[in-house]
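J.: mmCIF, C-alpha atoms, file final_35.cif:
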data_data
#
loop_
_atom_site.group_PDB
_atom_site.id
_atom_site.type_symbol
_atom_site.label_atom_id
_atom_site.label_comp_id
_atom_site.auth_asym_id
_atom_site.auth_seq_id
_atom_site.Cartn_x
_atom_site.Cartn_y
_atom_site.Cartn_z
ATOM 1 C CA MET N 1 -67.807 17.454 -72.797
ATOM 2 C CA THR N 2 -69.037 19.492 -75.747
ATOM 3 C CA GLY N 3 -72.734 20.141 -76.295
ATOM 4 C CA TYR N 4 -72.539 18.290 -79.608
ATOM 5 C CA LEU N 5 -71.215 15.161 -77.933
ATOM 6 C CA MET N 6 -73.793 15.296 -75.143
ATOM 7 C CA GLN N 7 -76.641 15.600 -77.656
ATOM 8 C CA SER N 8 -75.389 12.844 -79.946
ATOM 9 C CA ASN N 9 -77.515 9.740 -80.476
ATOM 10 C CA ASN N 10 -74.264 7.740 -80.134
ATOM 11 C CA LEU N 11 -73.423 9.105 -76.687
ATOM 12 C CA GLN N 12 -71.757 6.492 -74.478
ATOM 13 C CA LEU N 13 -71.210 7.108 -70.765
ATOM 14 C CA ALA N 14 -69.743 3.723 -69.818
ATOM 15 C CA GLY N 15 -66.655 1.814 -70.844
ATOM 16 C CA ASP N 16 -64.536 -1.234 -69.991
ATOM 17 C CA SER N 17 -60.924 -0.572 -68.974
ATOM 18 C CA ASN N 18 -60.031 -4.273 -69.375
ATOM 19 C CA VAL N 19 -60.597 -4.491 -73.129
ATOM 20 C CA VAL N 20 -57.797 -2.474 -74.763
ATOM 21 C CA LEU N 21 -54.311 -3.808 -74.077
ATOM 22 C CA ASN N 22 -51.650 -1.101 -73.956
ATOM 23 C CA TYR N 23 -48.586 -3.210 -73.104
ATOM 24 C CA LYS N 24 -47.888 -6.794 -72.052
ATOM 25 C CA ARG N 25 -44.586 -7.943 -70.605
ATOM 26 C CA ASP N 26 -45.924 -11.395 -69.668
ATOM 27 C CA PRO N 27 -49.280 -12.910 -68.545
ATOM 28 C CA HIS N 28 -48.943 -11.412 -65.039
ATOM 29 C CA ASN N 29 -47.517 -7.990 -65.893
ATOM 30 C CA TYR N 30 -49.563 -5.928 -68.294
ATOM 31 C CA ILE N 31 -51.382 -2.614 -68.820
ATOM 32 C CA THR N 32 -54.854 -1.971 -70.179
ATOM 33 C CA GLN N 33 -56.341 1.444 -70.749
ATOM 34 C CA LEU N 34 -59.409 3.647 -70.973
ATOM 35 C CA PHE N 35 -58.864 6.956 -72.760
ATOM 36 C CA GLY N 36 -60.665 9.271 -75.146
ATOM 37 C CA GLU N 37 -60.213 6.872 -78.043
ATOM 38 C CA GLN N 38 -62.207 4.204 -76.181
ATOM 39 C CA LEU N 39 -64.706 6.526 -74.487
ATOM 40 C CA PRO N 40 -65.018 9.926 -76.247
ATOM 41 C CA ALA N 41 -67.055 11.439 -73.392
ATOM 42 C CA ILE N 42 -64.297 10.844 -70.829
ATOM 43 C CA ARG N 43 -62.563 13.950 -69.454
ATOM 44 C CA THR N 44 -59.787 12.025 -67.762
ATOM 45 C CA GLY N 45 -58.134 8.729 -68.662
ATOM 46 C CA PHE N 46 -56.218 5.968 -66.958
ATOM 47 C CA PHE N 47 -54.010 2.917 -67.213
ATOM 48 C CA ASN N 48 -55.102 -0.267 -65.436
ATOM 49 C CA VAL N 49 -51.741 -1.759 -64.317
ATOM 50 C CA HIS N 50 -51.127 -5.316 -63.073
ATOM 51 C CA LEU N 51 -47.683 -6.074 -61.614
ATOM 52 C CA THR N 52 -45.768 -8.770 -59.733
ATOM 53 C CA LYS N 53 -42.926 -8.405 -57.238
ATOM 54 C CA GLY N 54 -39.740 -6.915 -58.613
ATOM 55 C CA ILE N 55 -41.371 -5.582 -61.785
ATOM 56 C CA MET N 56 -41.532 -1.848 -62.303
ATOM 57 C CA VAL N 57 -43.182 0.816 -64.415
ATOM 58 C CA ASN N 58 -39.985 2.095 -65.940
ATOM 59 C CA PRO N 59 -38.726 5.701 -65.693
ATOM 60 C CA HIS N 60 -40.606 8.165 -67.893
ATOM 61 C CA TRP N 61 -42.313 11.560 -67.869
ATOM 62 C CA HIS N 62 -45.400 13.226 -69.375
ATOM 63 C CA THR N 63 -45.357 16.449 -71.334
ATOM 64 C CA ASN N 64 -49.077 17.257 -71.130
ATOM 65 C CA VAL N 65 -50.663 15.707 -68.022
ATOM 66 C CA ASN N 66 -50.518 15.414 -64.262
ATOM 67 C CA GLU N 67 -50.787 11.853 -62.965
ATOM 68 C CA MET N 68 -52.243 10.276 -59.836
ATOM 69 C CA VAL N 69 -51.356 6.718 -58.799
ATOM 70 C CA TYR N 70 -54.080 4.888 -56.859
ATOM 71 C CA VAL N 71 -53.358 1.486 -55.315
ATOM 72 C CA ILE N 72 -56.217 -1.028 -55.495
ATOM 73 C CA HIS N 73 -54.294 -4.092 -54.303
ATOM 74 C CA GLY N 74 -50.756 -4.763 -53.109
ATOM 75 C CA GLU N 75 -47.913 -2.397 -52.313
ATOM 76 C CA VAL N 76 -45.744 -0.236 -54.549
ATOM 77 C CA ILE N 77 -43.001 2.344 -54.211
ATOM 78 C CA THR N 78 -43.344 5.513 -56.274
ATOM 79 C CA SER N 79 -40.460 7.881 -56.928
ATOM 80 C CA VAL N 80 -40.530 11.262 -58.631
ATOM 81 C CA PHE N 81 -37.705 13.749 -59.211
ATOM 82 C CA ASN N 82 -38.491 17.226 -57.896
ATOM 83 C CA PRO N 83 -36.733 19.600 -60.340
ATOM 84 C CA PHE N 84 -37.147 22.646 -58.110
ATOM 85 C CA GLN N 85 -35.520 21.139 -55.022
ATOM 86 C CA GLN N 86 -33.254 18.769 -56.988
ATOM 87 C CA ARG N 87 -34.270 15.736 -54.939
ATOM 88 C CA LEU N 88 -36.073 12.444 -55.259
ATOM 89 C CA MET N 89 -39.446 12.120 -53.502
ATOM 90 C CA THR N 90 -40.278 8.488 -52.686
ATOM 91 C CA TYR N 91 -43.405 6.992 -51.133
ATOM 92 C CA CYS N 92 -44.495 3.480 -50.169
ATOM 93 C CA LEU N 93 -48.181 3.057 -51.023
ATOM 94 C CA LYS N 94 -50.734 0.488 -49.855
ATOM 95 C CA PRO N 95 -54.375 -0.041 -50.943
ATOM 96 C CA GLY N 96 -56.416 3.156 -50.951
ATOM 97 C CA GLN N 97 -53.354 5.424 -50.935
ATOM 98 C CA VAL N 98 -52.242 7.751 -53.707
ATOM 99 C CA ALA N 99 -49.177 9.565 -55.009
ATOM 100 C CA LEU N 100 -48.955 12.433 -57.494
ATOM 101 C CA PHE N 101 -46.618 12.984 -60.439
ATOM 102 C CA PRO N 102 -46.712 16.611 -61.637
ATOM 103 C CA LYS N 103 -46.578 17.308 -65.363
ATOM 104 C CA GLY N 104 -43.055 16.994 -66.748
ATOM 105 C CA TRP N 105 -41.561 15.390 -63.616
ATOM 106 C CA PHE N 106 -39.468 12.231 -64.124
ATOM 107 C CA HIS N 107 -40.909 9.225 -62.240
ATOM 108 C CA TRP N 108 -41.239 5.434 -61.871
ATOM 109 C CA ILE N 109 -43.078 2.768 -59.839
ATOM 110 C CA ILE N 110 -41.641 -0.414 -58.272
ATOM 111 C CA THR N 111 -43.738 -3.358 -57.058
ATOM 112 C CA GLN N 112 -43.094 -4.487 -53.477
ATOM 113 C CA SER N 113 -45.808 -7.120 -52.920
ATOM 114 C CA GLU N 114 -46.265 -10.470 -54.673
ATOM 115 C CA HIS N 115 -49.002 -8.885 -56.791
ATOM 116 C CA ALA N 116 -50.195 -5.315 -57.225
ATOM 117 C CA HIS N 117 -53.045 -3.655 -59.088
ATOM 118 C CA ILE N 118 -52.907 0.101 -59.554
ATOM 119 C CA LEU N 119 -54.608 2.814 -61.570
ATOM 120 C CA THR N 120 -52.573 5.660 -63.042
ATOM 121 C CA ILE N 121 -55.109 8.423 -63.619
ATOM 122 C CA PHE N 122 -54.516 11.510 -65.774
ATOM 123 C CA ASP N 123 -56.180 14.926 -65.990
ATOM 124 C CA GLU N 124 -56.497 14.757 -69.778
ATOM 125 C CA PRO N 125 -58.142 12.100 -71.990
ATOM 126 C CA THR N 126 -54.801 11.018 -73.494
ATOM 127 C CA PRO N 127 -51.266 11.371 -72.057
ATOM 128 C CA ASP N 128 -48.073 12.006 -73.994
ATOM 129 C CA ILE N 129 -45.280 9.760 -72.680
ATOM 130 C CA VAL N 130 -41.508 10.049 -73.024
ATOM 131 C CA TYR N 131 -39.784 6.807 -72.010
ATOM 132 C CA ALA N 132 -36.278 6.933 -70.571
ATOM 133 C CA SER N 133 -35.408 3.825 -72.602
ATOM 134 C CA ASP N 134 -36.064 5.775 -75.811
ATOM 135 C CA PHE N 135 -34.141 8.805 -74.568
ATOM 136 C CA LEU N 136 -31.139 6.603 -73.707
ATOM 137 C CA ARG N 137 -31.084 4.507 -76.879
ATOM 138 C CA CYS N 138 -31.645 7.428 -79.258
ATOM 139 C CA THR N 139 -29.072 9.840 -77.819
ATOM 140 C CA PRO N 140 -25.739 9.467 -79.672
ATOM 141 C CA LYS N 141 -22.913 8.124 -77.517
ATOM 142 C CA GLU N 142 -20.787 11.079 -78.597
ATOM 143 C CA VAL N 143 -23.240 13.454 -76.929
ATOM 144 C CA PHE N 144 -22.935 11.718 -73.569
ATOM 145 C CA LYS N 145 -19.157 11.709 -73.876
ATOM 146 C CA GLN N 146 -19.000 15.425 -74.597
ATOM 147 C CA ALA N 147 -21.639 16.353 -72.009
ATOM 148 C CA TYR N 148 -20.578 14.118 -69.108
ATOM 149 C CA CYS N 149 -17.198 12.587 -70.051
ATOM 150 C CA ILE N 150 -18.795 9.122 -70.250
ATOM 151 C CA ASN N 151 -16.816 6.430 -72.062
ATOM 152 C CA GLU N 152 -18.423 5.983 -75.480
ATOM 153 C CA GLU N 153 -17.803 2.251 -75.781
ATOM 154 C CA GLU N 154 -19.075 1.531 -72.268
ATOM 155 C CA TYR N 155 -22.198 3.587 -72.886
ATOM 156 C CA GLU N 156 -22.843 1.861 -76.194
ATOM 157 C CA ARG N 157 -22.601 -1.563 -74.517
ATOM 158 C CA ALA N 158 -24.835 -0.452 -71.648
ATOM 159 C CA VAL N 159 -27.718 0.676 -73.875
ATOM 160 C CA ALA N 160 -27.323 -2.038 -76.537
ATOM 161 C CA PRO N 161 -30.181 -4.178 -75.078
ATOM 162 C CA LEU N 162 -32.612 -1.261 -75.526
ATOM 163 C CA LYS N 163 -33.958 -2.073 -78.982
ATOM 164 C CA GLU N 164 -37.404 -0.583 -78.354
ATOM 165 C CA SER N 165 -39.472 1.134 -75.663
ATOM 166 C CA VAL N 166 -39.175 -0.788 -72.385
ATOM 167 C CA ILE N 167 -42.325 0.071 -70.427
ATOM 168 C CA LEU N 168 -42.427 -2.626 -67.738
ATOM 169 C CA GLY N 169 -39.006 -3.729 -66.630
ATOM 170 C CA PRO N 170 -36.673 -5.335 -66.373
ATOM 171 C CA PRO N 171 -36.778 -6.943 -69.835
ATOM 172 C CA LEU N 172 -37.697 -10.631 -70.004
ATOM 173 C CA ASP N 173 -34.129 -11.652 -70.829
ATOM 174 C CA CYS N 174 -32.760 -9.912 -67.707
ATOM 175 C CA PHE N 175 -32.607 -12.271 -64.703
ATOM 176 C CA PRO N 176 -32.838 -12.645 -61.782
ATOM 177 C CA ALA N 177 -35.204 -9.654 -61.766
ATOM 178 C CA ASN N 178 -36.759 -10.005 -58.314
ATOM 179 C CA ALA N 179 -33.536 -10.380 -56.356
ATOM 180 C CA HIS N 180 -31.942 -7.440 -58.130
ATOM 181 C CA MET N 181 -34.934 -5.162 -57.668
ATOM 182 C CA ALA N 182 -35.371 -6.080 -53.994
ATOM 183 C CA SER N 183 -31.724 -5.270 -53.321
ATOM 184 C CA ALA N 184 -31.985 -1.991 -55.215
ATOM 185 C CA ASN N 185 -35.099 -0.974 -53.265
ATOM 186 C CA GLN N 186 -33.466 -1.712 -49.903
ATOM 187 C CA GLN N 187 -30.364 0.238 -50.858
ATOM 188 C CA HIS N 188 -32.442 3.180 -52.053
ATOM 189 C CA MET N 189 -34.374 3.277 -48.771
ATOM 190 C CA ALA N 190 -31.167 3.047 -46.738
ATOM 191 C CA ASN N 191 -29.706 6.001 -48.606
ATOM 192 C CA GLN N 192 -32.649 8.246 -47.699
ATOM 193 C CA PRO N 193 -33.065 8.108 -43.890
ATOM 194 C CA HIS N 194 -34.498 11.637 -43.867
ATOM 195 C CA MET N 195 -37.477 10.368 -45.862
ATOM 196 C CA ALA N 196 -38.312 7.357 -43.702
ATOM 197 C CA ASN N 197 -41.329 8.973 -42.048
ATOM 198 C CA SER N 198 -42.773 10.508 -45.200
ATOM 199 C CA MET N 199 -42.589 7.345 -47.269
ATOM 200 C CA HIS N 200 -44.947 5.284 -45.102
ATOM 201 C CA PHE N 201 -48.496 6.204 -44.244
ATOM 202 C CA ALA N 202 -50.122 5.182 -40.962
ATOM 203 C CA ARG N 203 -52.771 2.483 -41.293
#
Could you express the structure from this file as structure tokens?

T.:
Amino acid sequence: MTGYLMQSNNLQLAGDSNVVLNYKRDPHNYITQLFGEQLPAIRTGFFNVHLTKGIMVNPHWHTNVNEMVYVIHGEVITSVFNPFQQRLMTYCLKPGQVALFPKGWFHWIITQSEHAHILTIFDEPTPDIVYASDFLRCTPKEVFKQAYCINEEEYERAVAPLKESVILGPPLDCFPANAHMASANQQHMANQPHMANSMHFAR
């Protein structure tokens, strides 16, 4: 905090993280926030995230902040891609447990319990966010064909539903979400037996 801010007659040292809505998928899956814009004296910032089973915080990365996920209620799976070791690091978190996402590392969060409430806390008052949905929909199909020999028409059909940033997924018109996500989670766990011990914390 600057001296000017601390000496201001308008200094505020309290805020409400429930007031400002960042994103709403439906009445049970939404994100509110508390950042520098809402509380100028804050030196960190966070998203207040409410989720139901099968819903996920979609893949994304941050260019300017490190992130810590703290579970208040429920159970979630966090995954982050380690660019140095070229591997995915996945953890199953319960209340009171945390996971870290280093700056610039690609990551996502999947809900395992019927309901979950988490905080995603940053080390700067406002995070920059790059959503994978935007990266996918804005990259020309010709680029993916030339780079990876991906069929242009198939790629175009695959990303056609991505009309805007998709922050909590899957989209509302994609069903059945829960069954698909549960199957994907089980398959992902099965494919990483070497991580079985590190993904679960002792209670």

J.: Could you tell me how far atom CA of Pro171 of chain N lies from atom CA of Pro27 of chain N, in Å and to one decimal?

T.: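 Taking atom CA of Pro171 of chain N as the start and atom CA of Pro27 of chain N as the end point, the length is 13.9 Å.
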
J.: Have a look at atom CA of Val143 of chain N and atom CA of Lys163 of chain N and let me know their distance in Å, one decimal.

T.: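 Between atom CA of Val143 of chain N and atom CA of Lys163 of chain N the gap is 19.0 Å.
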
J.: On this file, the PyMOL selection byres ((chain N and resi 21) around 10) gives some set of residues; write that set as a list of chain:residue names.

T.: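 So the PyMOL selection byres ((chain N and resi 21) around 10) ends up selecting N:Ser17, N:Asn18, N:Val19, N:Val20, N:Asn22, N:Tyr23, N:Lys24, N:Tyr30, N:Ile31, N:Thr32, N:Gln33, N:Leu34, N:Phe47, N:Asn48.
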
J.: Can you spell out as a VMD selection string the set of residues that the PyMOL selection byres ((chain N and resi 135) around 12) selects in the structure I just provided?

T.: chain N and resid 59 to 61 129 to 134 136 to 141 144 159 162 to 166

J.: Export C-alpha atoms of the chosen residues as a CSV table (one decimal), in the coordinates of the input?

T.:
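Final file, part36.csv:
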chain,number,residue,atom,x,y,z
N,59,PRO,CA,-38.7,5.7,-65.7
N,60,HIS,CA,-40.6,8.2,-67.9
N,61,TRP,CA,-42.3,11.6,-67.9
N,129,ILE,CA,-45.3,9.8,-72.7
N,130,VAL,CA,-41.5,10.0,-73.0
N,131,TYR,CA,-39.8,6.8,-72.0
N,132,ALA,CA,-36.3,6.9,-70.6
N,133,SER,CA,-35.4,3.8,-72.6
N,134,ASP,CA,-36.1,5.8,-75.8
N,136,LEU,CA,-31.1,6.6,-73.7
N,137,ARG,CA,-31.1,4.5,-76.9
N,138,CYS,CA,-31.6,7.4,-79.3
N,139,THR,CA,-29.1,9.8,-77.8
N,140,PRO,CA,-25.7,9.5,-79.7
N,141,LYS,CA,-22.9,8.1,-77.5
N,144,PHE,CA,-22.9,11.7,-73.6
N,159,VAL,CA,-27.7,0.7,-73.9
N,162,LEU,CA,-32.6,-1.3,-75.5
N,163,LYS,CA,-34.0,-2.1,-79.0
N,164,GLU,CA,-37.4,-0.6,-78.4
N,165,SER,CA,-39.5,1.1,-75.7
N,166,VAL,CA,-39.2,-0.8,-72.4

J.: What's the 10 Å shell around Glu37 of chain N, counting all atoms listed in the file, without same-chain residues fewer than 5 positions away, as a list in words?

T.: Ile42, Gly45, Pro125 and Thr126 of chain N

J.: For the selection just defined, write its residues with C-alpha atoms to a file, as a compact mmCIF listing (two decimals), in the coordinates of the input.

T.:
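So selection.txt came out as:
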# COMPACT_ATOMS: atom_id res chain seq x y z
CA ILE N 42 -64.30 10.84 -70.83
CA GLY N 45 -58.13 8.73 -68.66
CA PRO N 125 -58.14 12.10 -71.99
CA THR N 126 -54.80 11.02 -73.49

J.: Which residue is closest to Thr63 of chain N? Choose from N:His28, N:Lys103, N:Arg157, N:His117 and count only C-alpha atoms.

T.: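 Nearest to Thr63 of chain N: N:Lys103.
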
J.: Can you list, as an NGL selection string, every protein, DNA or RNA residue that comes within 12 Å of Asn10 of chain N when you count all atoms listed in the file, leaving out same-chain residues fewer than 6 positions away?

T.: :N and (4 or 39-41)

J.: In Å to one decimal, how far is atom CA of Ile121 of chain N from atom CA of Arg43 of chain N?

T.: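 Atom CA of Ile121 of chain N lies 11.0 Å from atom CA of Arg43 of chain N.
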
J.: Applied to this file, what does the PyMOL selection byres ((chain N and resi 68) around 10) return in terms of residues, put as a PyMOL selection string?

T.: chain N and resi 46+65-67+69-71+98-102+119-123

J.: Limited to C-alpha atoms, could you put the picked residues into a file as a PDB file, keeping the file's coordinate frame?

T.:
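Generated output (selection32.pdb):
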ATOM      1  CA  PHE N  46     -56.218   5.968 -66.958  1.00  0.00           C
ATOM      2  CA  VAL N  65     -50.663  15.707 -68.022  1.00  0.00           C
ATOM      3  CA  ASN N  66     -50.518  15.414 -64.262  1.00  0.00           C
ATOM      4  CA  GLU N  67     -50.787  11.853 -62.965  1.00  0.00           C
ATOM      5  CA  VAL N  69     -51.356   6.718 -58.799  1.00  0.00           C
ATOM      6  CA  TYR N  70     -54.080   4.888 -56.859  1.00  0.00           C
ATOM      7  CA  VAL N  71     -53.358   1.486 -55.315  1.00  0.00           C
ATOM      8  CA  VAL N  98     -52.242   7.751 -53.707  1.00  0.00           C
ATOM      9  CA  ALA N  99     -49.177   9.565 -55.009  1.00  0.00           C
ATOM     10  CA  LEU N 100     -48.955  12.433 -57.494  1.00  0.00           C
ATOM     11  CA  PHE N 101     -46.618  12.984 -60.439  1.00  0.00           C
ATOM     12  CA  PRO N 102     -46.712  16.611 -61.637  1.00  0.00           C
ATOM     13  CA  LEU N 119     -54.608   2.814 -61.570  1.00  0.00           C
ATOM     14  CA  THR N 120     -52.573   5.660 -63.042  1.00  0.00           C
ATOM     15  CA  ILE N 121     -55.109   8.423 -63.619  1.00  0.00           C
ATOM     16  CA  PHE N 122     -54.516  11.510 -65.774  1.00  0.00           C
ATOM     17  CA  ASP N 123     -56.180  14.926 -65.990  1.00  0.00           C
TER      18      ASP N 123
END

J.: Box along x, y and z, 4 Å on every side, all listed atoms of segment 87-106 of chain N inside: centre and edge lengths in Å to one decimal, as JSON.

T.:
{"center_x": -45.3, "center_y": 8.6, "center_z": -58.3, "size_x": 30.1, "size_y": 25.3, "size_z": 24.9}

J.: Between N:Gln86, N:Thr44, N:Gln38, N:Thr78, which residue has the minimum interatomic distance to Ile118 of chain N, considering only C-alpha atoms?

T.: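 Nearest to Ile118 of chain N: N:Thr78.
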
J.: In terms of the shortest atom-to-atom distance over all atoms listed in the file, which of N:Phe106, N:Glu153, N:Leu168, N:Glu124 is closest to Leu51 of chain N?

T.: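 Closest to Leu51 of chain N of all the choices is N:Leu168.
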